[in-house]
Amino acid sequence: MKTLMIPEPIRTQKWLERLVPYVQRAEICPELVVEGQLSRMVGLTLEAVGCRAAIGSRCKVQSKNGQFIEAEVVGFAGDCIFLMPSGNPHGLEPGCRVIPLGSNSLAKVGFGLLGRVLDGSGKPLDNKGPLKTEAKQSMSGETINPLARKPIRDTLDVGVRAINAILSVGRGQRMGLFAGTGVGKSVLLGMMTKFTSADVVVVGLIGERGREVNEFVLKILGEEGMARAVVVATPADDPPLMRVHGAMLATSIAEFFRAQGLDVLLLMDSLTRFAQAHREIALAIDEPPATKGYPPSVFAKLPSLVERAGNADEGGGSITAFYTVLTEGDDNNDPVADSARGVLDGHIVLSRSLAEAGHFPAIDIEASISRVMPDVVDEQHMNQARKLRRLYSLYQQNKDLISVGAYQHGSDARIDAAIAKNPEILDFLQQSMNEAVDISRSLSELDALLAS
């Protein structure tokens with residue numbers, strides 16, 4: 001690539017404004033690039049002057065020892081552009097060359113990604129050789145006309161009895177898995193990875209512990225599961241830009257397989273880490289915080305990512321997505337959780353008290369809901385699910401009275417029935433992490449429980 005070095009005295013805004021249109025129209029030379037230089041670094045943000053680049057485009061920053069670090073344009077102010085490095089910025093200093101690459105981030109996609117583990121930039125992490133891809137597409141995806149989307153009408157079997165029977169999921173639905181730390185959300189996600197009936201599984205491990213990546217690939221997916229899966233891993237020690245790209249890359253890969261008419265299961269752990277990475281970027285370019293330290297742009301990014309999942313138009317495939325949402329301090333009303341509930345098609349809440357009592361999966365069926373369940377199950381199934389919910393809720397509401405012996409048997413027939421059924425209901429809602437329970441078995445066991 002040829003570069004044009006402009007002497008500092010004449011590198012002015014007016015001179016650049018005259019030059020850039022000619023460069024863009026290739027009237028001087030299609031390979032001509034106007035270089036800039038690094039002026040300073042504040043926190044995680046690089047500031048460059050002397051060059052122009054659009055939001056979302058990439059640049060290369062050359063350190064004094066000749067190494068190149070890739071960065072993305074995340075903002076600008078006057079003559080200065082703000083860059084967020086996707087790698088380690090060690091070795092950079094004022095005056096380093098900044099070379100605009102001009103292209104926005106593109107994802108390499110194709111059937112050759114099946115069985116592979118990638119980082120946030122799409123590079124392989126599994127030492128299985130170069131990737132074989134057929135196409136490239138934008139990391140930001142394309143908007144689907146909401147009126148053209150295929151309605152959600154088919155039930156998806158996730159292999160978990162409590163979800164299949166009480167919180168039925170539709171093919172193309174987007175569900176949230178809400179939980180605090182250490183209550184089993186990653187294990188439950190792994191169960192759905194193995195047991196869900198889908199053509200392709202795309203897993204995004206965003207901002208989680210690095211050791212979980214290897215465990216997820218080896219223990220949860222295994223050789224058989226990896227044959228139909230793609231894993232995108234950006235651990236917590238990756239730069240925030242890489243964590244954001246990891247979530248966008250996983251979604252782009254899922255979109256490619258959906259475009260081929262396939263049913264895709266997208267599992268992202270976690271949506272909260274994606275939001276936190278965006279918060280780091282936004283605060284680094286001086287966007288003012290709004291709600292508990294989260295700038296307003298974070299709450300615009302969440303729906304733009306989530307809305308990319310779902311059904312395609314008639315005749316196309318589907319993306320059924322599960323996003324884990326980390327509720328800080330077990331507060332289900334923290335800003336990210338509250339915003340996620342508004343854009344998702346339902347939420348499964350995991351209870352710490354149930355987890356501490358050895359109840360797995362620790363699903364709080366009172367606090368959980370599937371918004372599309374009435375559209376994908378028949379009336380009998382819906383009535384049976386409501387009946388179990390009522391019995392469970394009645395027992396929970398009177399649990400304290402029952403525990404201390406203050407409730408007298410025979411005072412209320414409904415509470416008597418709830419007390420009698422409670423041990424069976426608790427057994428029904430629990431399941432071994434290595435056991436798969438399909439929809440037909442889940443319904444037959446639900447009917448048997450309520451008939452006895």
# chains A, B, ... in the order shown; residues from 1 in each chain; ligands from 1

$ residues_around --residues "A:Asp412" --least-positions-apart "6" --cutoff "12 Å" --atoms "only C-alpha atoms" --output "list of chain:residue names"
A:Leu394, A:Tyr395, A:Asn398, A:Ala418, A:Ile419

$ write_last_selection --atoms "N, CA, C and O atoms" --output "JSON list (two decimals), in the first residue's frame"
[["chain", "number", "residue", "atom", "x", "y", "z"],
["A", 394, "LEU", "N", -49.06, -21.40, 45.51],
["A", 394, "LEU", "CA", -49.82, -21.48, 46.76],
["A", 394, "LEU", "C", -48.95, -21.99, 47.90],
["A", 394, "LEU", "O", -49.00, -21.47, 49.02],
["A", 395, "TYR", "N", -48.15, -23.01, 47.62],
["A", 395, "TYR", "CA", -47.28, -23.55, 48.67],
["A", 395, "TYR", "C", -46.24, -22.50, 49.09],
["A", 395, "TYR", "O", -46.00, -22.32, 50.28],
["A", 398, "ASN", "N", -47.59, -19.77, 51.38],
["A", 398, "ASN", "CA", -47.94, -20.20, 52.74],
["A", 398, "ASN", "C", -46.83, -21.03, 53.39],
["A", 398, "ASN", "O", -47.07, -21.69, 54.40],
["A", 418, "ALA", "N", -51.90, -28.26, 47.46],
["A", 418, "ALA", "CA", -50.54, -27.77, 47.19],
["A", 418, "ALA", "C", -49.53, -28.47, 48.10],
["A", 418, "ALA", "O", -48.42, -28.82, 47.66],
["A", 419, "ILE", "N", -49.89, -28.68, 49.38],
["A", 419, "ILE", "CA", -48.99, -29.36, 50.32],
["A", 419, "ILE", "C", -48.78, -30.81, 49.90],
["A", 419, "ILE", "O", -47.66, -31.33, 49.92]]

$ residues_around --residues "stretch 62-70 of chain A" --least-positions-apart "2" --cutoff "10 Å" --atoms "only C-alpha atoms" --output "list in words"
Gln37, Leu38, Arg58, Cys59, Lys60, Glu72, Leu83, Met84, Pro85, Ser86, Gly87, Asn88, Pro89, His90, Gly91, Leu92, Glu93, Pro94, Gly95, Cys96, Arg97, Val98, Ile99, Pro100 and Leu101 of chain A

$ closest_atom_pairs --of "stretch 154-233 of chain A" --to "stretch 345-366 of chain A" --cutoff "12 Å" --atoms "only C-alpha atoms" --output "Markdown table"
| residue | atom | partner | partner_atom | distance |
| --- | --- | --- | --- | --- |
| A:Val160 | CA | A:Pro361 | CA | 8.8 |
| A:Arg161 | CA | A:Pro361 | CA | 9.8 |
| A:Ala162 | CA | A:Ile363 | CA | 7.8 |
| A:Ile163 | CA | A:Ile348 | CA | 8.6 |
| A:Ala165 | CA | A:Ile365 | CA | 10.9 |
| A:Ile166 | CA | A:Ile365 | CA | 7.6 |
| A:Leu167 | CA | A:Ile348 | CA | 8.1 |
| A:Ser168 | CA | A:Gly346 | CA | 10.2 |
| A:Val169 | CA | A:Gly346 | CA | 8.9 |
| A:Gly170 | CA | A:Asp345 | CA | 9.7 |
| A:Arg171 | CA | A:Asp345 | CA | 11.5 |
| A:Gly172 | CA | A:Asp345 | CA | 9.8 |
| A:Gln173 | CA | A:Asp345 | CA | 6.2 |
| A:Arg174 | CA | A:Asp345 | CA | 5.2 |
| A:Met175 | CA | A:Gly346 | CA | 5.1 |
| A:Gly176 | CA | A:His347 | CA | 4.5 |
| A:Leu177 | CA | A:Ile348 | CA | 4.9 |
| A:Phe178 | CA | A:Val349 | CA | 4.7 |
| A:Ala179 | CA | A:Leu350 | CA | 5.1 |
| A:Gly180 | CA | A:Arg352 | CA | 7.4 |
| A:Thr181 | CA | A:Arg352 | CA | 8.9 |
| A:Gly182 | CA | A:Arg352 | CA | 8.3 |
| A:Val183 | CA | A:Ala355 | CA | 5.7 |
| A:Gly184 | CA | A:Pro361 | CA | 7.2 |
| A:Lys185 | CA | A:Leu350 | CA | 7.4 |
| A:Ser186 | CA | A:Pro361 | CA | 10.8 |
| A:Val187 | CA | A:Pro361 | CA | 8.7 |
| A:Leu188 | CA | A:Pro361 | CA | 6.7 |
| A:Leu189 | CA | A:Pro361 | CA | 10.4 |
| A:Gly190 | CA | A:Pro361 | CA | 11.7 |
| A:Met191 | CA | A:Pro361 | CA | 10.0 |
| A:Met192 | CA | A:Pro361 | CA | 11.6 |

$ write_last_selection --atoms "N, CA, C and O atoms" --output "compact mmCIF listing (two decimals), in the first residue's frame"
# COMPACT_ATOMS: atom_id res chain seq x y z
N VAL A 160 -34.85 -29.98 28.58
CA VAL A 160 -34.95 -29.69 30.01
C VAL A 160 -36.43 -29.72 30.39
O VAL A 160 -37.23 -28.95 29.85
N ARG A 161 -36.81 -30.62 31.30
CA ARG A 161 -38.21 -30.88 31.61
C ARG A 161 -38.95 -29.63 32.08
O ARG A 161 -40.07 -29.34 31.62
N ALA A 162 -38.37 -28.87 33.00
CA ALA A 162 -39.05 -27.70 33.55
C ALA A 162 -39.34 -26.67 32.47
O ALA A 162 -40.38 -25.99 32.49
N ILE A 163 -38.43 -26.52 31.51
CA ILE A 163 -38.64 -25.55 30.43
C ILE A 163 -39.63 -26.09 29.41
O ILE A 163 -40.55 -25.38 28.98
N ALA A 165 -42.04 -28.16 29.77
CA ALA A 165 -43.41 -28.31 30.29
C ALA A 165 -44.02 -26.98 30.74
O ALA A 165 -45.20 -26.72 30.48
N ILE A 166 -43.23 -26.13 31.40
CA ILE A 166 -43.79 -24.93 32.04
C ILE A 166 -43.43 -23.65 31.30
O ILE A 166 -44.16 -22.67 31.35
N LEU A 167 -42.29 -23.63 30.60
CA LEU A 167 -41.80 -22.41 29.93
C LEU A 167 -41.46 -22.73 28.47
O LEU A 167 -40.36 -22.44 28.01
N SER A 168 -42.40 -23.34 27.77
CA SER A 168 -42.13 -23.84 26.42
C SER A 168 -41.55 -22.75 25.52
O SER A 168 -42.01 -21.61 25.51
N VAL A 169 -40.53 -23.14 24.75
CA VAL A 169 -39.80 -22.21 23.88
C VAL A 169 -40.18 -22.48 22.43
O VAL A 169 -40.30 -23.63 22.01
N GLY A 170 -40.39 -21.41 21.67
CA GLY A 170 -40.70 -21.54 20.25
C GLY A 170 -39.45 -21.41 19.40
O GLY A 170 -38.49 -20.73 19.78
N ARG A 171 -39.48 -22.05 18.24
CA ARG A 171 -38.34 -21.95 17.31
C ARG A 171 -38.27 -20.55 16.73
O ARG A 171 -39.20 -20.09 16.07
N GLY A 172 -37.18 -19.85 17.02
CA GLY A 172 -37.03 -18.46 16.62
C GLY A 172 -37.23 -17.48 17.76
O GLY A 172 -37.13 -16.26 17.58
N GLN A 173 -37.45 -18.00 18.97
CA GLN A 173 -37.64 -17.15 20.15
C GLN A 173 -36.30 -16.69 20.70
O GLN A 173 -35.27 -17.32 20.49
N ARG A 174 -36.32 -15.57 21.44
CA ARG A 174 -35.12 -15.05 22.11
C ARG A 174 -35.39 -14.99 23.60
O ARG A 174 -36.24 -14.22 24.04
N MET A 175 -34.69 -15.82 24.35
CA MET A 175 -34.92 -15.96 25.79
C MET A 175 -33.73 -15.46 26.58
O MET A 175 -32.57 -15.58 26.14
N GLY A 176 -33.99 -14.93 27.75
CA GLY A 176 -32.94 -14.51 28.66
C GLY A 176 -32.84 -15.48 29.83
O GLY A 176 -33.84 -15.99 30.31
N LEU A 177 -31.62 -15.74 30.25
CA LEU A 177 -31.35 -16.61 31.40
C LEU A 177 -30.77 -15.71 32.48
O LEU A 177 -29.60 -15.35 32.44
N PHE A 178 -31.60 -15.32 33.46
CA PHE A 178 -31.22 -14.31 34.45
C PHE A 178 -30.75 -15.00 35.72
O PHE A 178 -31.46 -15.84 36.28
N ALA A 179 -29.57 -14.62 36.17
CA ALA A 179 -29.03 -15.24 37.39
C ALA A 179 -27.88 -14.43 37.92
O ALA A 179 -27.20 -13.70 37.18
N GLY A 180 -27.63 -14.57 39.22
CA GLY A 180 -26.42 -14.03 39.82
C GLY A 180 -25.26 -14.97 39.56
O GLY A 180 -25.38 -15.95 38.81
N THR A 181 -24.14 -14.70 40.18
CA THR A 181 -22.97 -15.55 39.97
C THR A 181 -23.10 -16.85 40.74
O THR A 181 -23.61 -16.88 41.87
N GLY A 182 -22.67 -17.92 40.12
CA GLY A 182 -22.57 -19.21 40.80
C GLY A 182 -23.86 -19.92 41.10
O GLY A 182 -23.94 -20.70 42.05
N VAL A 183 -24.92 -19.73 40.30
CA VAL A 183 -26.17 -20.44 40.54
C VAL A 183 -26.51 -21.41 39.41
O VAL A 183 -27.62 -21.92 39.34
N GLY A 184 -25.55 -21.64 38.50
CA GLY A 184 -25.72 -22.71 37.52
C GLY A 184 -26.22 -22.31 36.15
O GLY A 184 -26.67 -23.17 35.39
N LYS A 185 -26.09 -21.03 35.78
CA LYS A 185 -26.59 -20.64 34.46
C LYS A 185 -25.75 -21.21 33.33
O LYS A 185 -26.27 -21.63 32.29
N SER A 186 -24.42 -21.27 33.51
CA SER A 186 -23.55 -21.83 32.47
C SER A 186 -23.77 -23.33 32.29
O SER A 186 -23.74 -23.85 31.18
N VAL A 187 -24.04 -24.03 33.40
CA VAL A 187 -24.30 -25.47 33.32
C VAL A 187 -25.62 -25.72 32.60
O VAL A 187 -25.74 -26.62 31.75
N LEU A 188 -26.65 -24.92 32.93
CA LEU A 188 -27.93 -25.06 32.25
C LEU A 188 -27.80 -24.74 30.76
O LEU A 188 -28.40 -25.41 29.91
N LEU A 189 -26.99 -23.74 30.45
CA LEU A 189 -26.74 -23.40 29.05
C LEU A 189 -26.06 -24.56 28.33
O LEU A 189 -26.38 -24.88 27.19
N GLY A 190 -25.13 -25.22 29.03
CA GLY A 190 -24.47 -26.38 28.45
C GLY A 190 -25.42 -27.54 28.19
O GLY A 190 -25.30 -28.25 27.18
N MET A 191 -26.38 -27.74 29.10
CA MET A 191 -27.39 -28.78 28.88
C MET A 191 -28.18 -28.51 27.61
O MET A 191 -28.41 -29.42 26.79
N MET A 192 -28.59 -27.27 27.42
CA MET A 192 -29.36 -26.94 26.23
C MET A 192 -28.52 -27.07 24.97
O MET A 192 -29.02 -27.41 23.90

$ closest_residue --among "A:Asn422, A:Asn383, A:Asn332, A:Ser370" --to "A:Gln396" --atoms "only C-alpha atoms"
A:Asn422

$ atom_distance --atom1 "atom CA of A:Gly225" --atom2 "atom CA of A:Leu125"
17.5 Å

$ select_by_dssp --residues "stretch 141-265 of chain A" --states "strand (DSSP E)" --output "compact mmCIF listing (two decimals) with N, CA and C atoms, in the first residue's frame"
# COMPACT_ATOMS: atom_id res chain seq x y z
N THR A 155 -42.77 -25.51 18.40
CA THR A 155 -42.11 -25.68 19.69
C THR A 155 -40.69 -26.20 19.49
N LEU A 156 -39.77 -25.71 20.30
CA LEU A 156 -38.39 -26.17 20.26
C LEU A 156 -38.13 -27.04 21.49
N VAL A 169 -40.53 -23.14 24.75
CA VAL A 169 -39.80 -22.21 23.88
C VAL A 169 -40.18 -22.48 22.43
N GLY A 170 -40.39 -21.41 21.67
CA GLY A 170 -40.70 -21.54 20.25
C GLY A 170 -39.45 -21.41 19.40
N ARG A 174 -36.32 -15.57 21.44
CA ARG A 174 -35.12 -15.05 22.11
C ARG A 174 -35.39 -14.99 23.60
N MET A 175 -34.69 -15.82 24.35
CA MET A 175 -34.92 -15.96 25.79
C MET A 175 -33.73 -15.46 26.58
N GLY A 176 -33.99 -14.93 27.75
CA GLY A 176 -32.94 -14.51 28.66
C GLY A 176 -32.84 -15.48 29.83
N LEU A 177 -31.62 -15.74 30.25
CA LEU A 177 -31.35 -16.61 31.40
C LEU A 177 -30.77 -15.71 32.48
N PHE A 178 -31.60 -15.32 33.46
CA PHE A 178 -31.22 -14.31 34.45
C PHE A 178 -30.75 -15.00 35.72
N ALA A 179 -29.57 -14.62 36.17
CA ALA A 179 -29.03 -15.24 37.39
C ALA A 179 -27.88 -14.43 37.92
N VAL A 200 -27.59 -26.40 13.70
CA VAL A 200 -26.29 -25.81 14.01
C VAL A 200 -26.38 -25.11 15.36
N VAL A 201 -25.31 -25.21 16.14
CA VAL A 201 -25.23 -24.51 17.43
C VAL A 201 -24.07 -23.51 17.36
N VAL A 202 -24.34 -22.25 17.66
CA VAL A 202 -23.30 -21.22 17.72
C VAL A 202 -23.22 -20.73 19.15
N VAL A 203 -22.04 -20.83 19.74
CA VAL A 203 -21.84 -20.46 21.14
C VAL A 203 -20.93 -19.24 21.22
N GLY A 204 -21.37 -18.21 21.92
CA GLY A 204 -20.54 -17.04 22.16
C GLY A 204 -20.19 -16.94 23.63
N LEU A 205 -18.93 -17.15 23.98
CA LEU A 205 -18.48 -17.04 25.37
C LEU A 205 -17.83 -15.67 25.51
N ILE A 206 -18.59 -14.70 25.99
CA ILE A 206 -18.20 -13.29 25.95
C ILE A 206 -17.87 -12.81 27.36
N ALA A 229 -21.18 -27.48 15.77
CA ALA A 229 -21.11 -26.25 16.55
C ALA A 229 -19.95 -25.35 16.11
N VAL A 230 -20.12 -24.06 16.38
CA VAL A 230 -19.06 -23.06 16.23
C VAL A 230 -18.98 -22.32 17.55
N VAL A 231 -17.77 -22.17 18.10
CA VAL A 231 -17.58 -21.48 19.37
C VAL A 231 -16.76 -20.22 19.13
N VAL A 232 -17.27 -19.09 19.60
CA VAL A 232 -16.54 -17.81 19.56
C VAL A 232 -16.22 -17.44 21.00
N ALA A 233 -14.94 -17.34 21.33
CA ALA A 233 -14.52 -17.13 22.72
C ALA A 233 -13.70 -15.85 22.85
N THR A 234 -14.17 -14.93 23.67
CA THR A 234 -13.41 -13.72 24.01
C THR A 234 -13.43 -13.60 25.54
N ASP A 263 -32.00 -24.30 10.98
CA ASP A 263 -32.44 -23.89 12.31
C ASP A 263 -31.22 -23.82 13.22
N VAL A 264 -30.94 -22.64 13.73
CA VAL A 264 -29.72 -22.36 14.49
C VAL A 264 -30.08 -22.10 15.95
N LEU A 265 -29.28 -22.66 16.85
CA LEU A 265 -29.37 -22.34 18.27
C LEU A 265 -28.19 -21.45 18.63

$ atom_distance --atom1 "atom CA of A:His278" --atom2 "atom CA of A:Gly293"
11.5 Å

$ closest_atom_pairs --of "stretch 298-321 of chain A" --to "stretch 236-255 of chain A" --cutoff "9 Å" --atoms "only C-alpha atoms" --output "JSON lines"
{"residue": "A:Leu305", "atom": "CA", "partner": "A:Met248", "partner_atom": "CA", "distance": 7.2}
{"residue": "A:Val306", "atom": "CA", "partner": "A:Thr251", "partner_atom": "CA", "distance": 8.9}
{"residue": "A:Arg308", "atom": "CA", "partner": "A:Thr251", "partner_atom": "CA", "distance": 7.3}
{"residue": "A:Ala309", "atom": "CA", "partner": "A:Thr251", "partner_atom": "CA", "distance": 7.4}
{"residue": "A:Ser318", "atom": "CA", "partner": "A:Glu255", "partner_atom": "CA", "distance": 8.5}
{"residue": "A:Ile319", "atom": "CA", "partner": "A:Ala254", "partner_atom": "CA", "distance": 6.8}

$ closest_residue --among "A:Asp154, A:Asp126, A:Glu134, A:Asp438" --to "A:Val376" --atoms "only C-alpha atoms"
A:Asp154

$ select_by_dssp --residues "stretch 137-292 of chain A" --states "alpha helix (DSSP H)" --output "PyMOL selection string"
chain A and resi 161-166+185-195+210-215+222-226+240-259+271-284

$ closest_residue --among "A:Ser105, A:Thr193, A:Ser297, A:Gln397" --to "A:Val158" --atoms "only C-alpha atoms"
A:Thr193

$ residues_around --residues "stretch 74-76 of chain A" --least-positions-apart "3" --cutoff "12 Å" --atoms "only C-alpha atoms" --output "PyMOL selection string"
chain A and resi 44-49+51-59+71+79-86+104+240-241+278+280-287
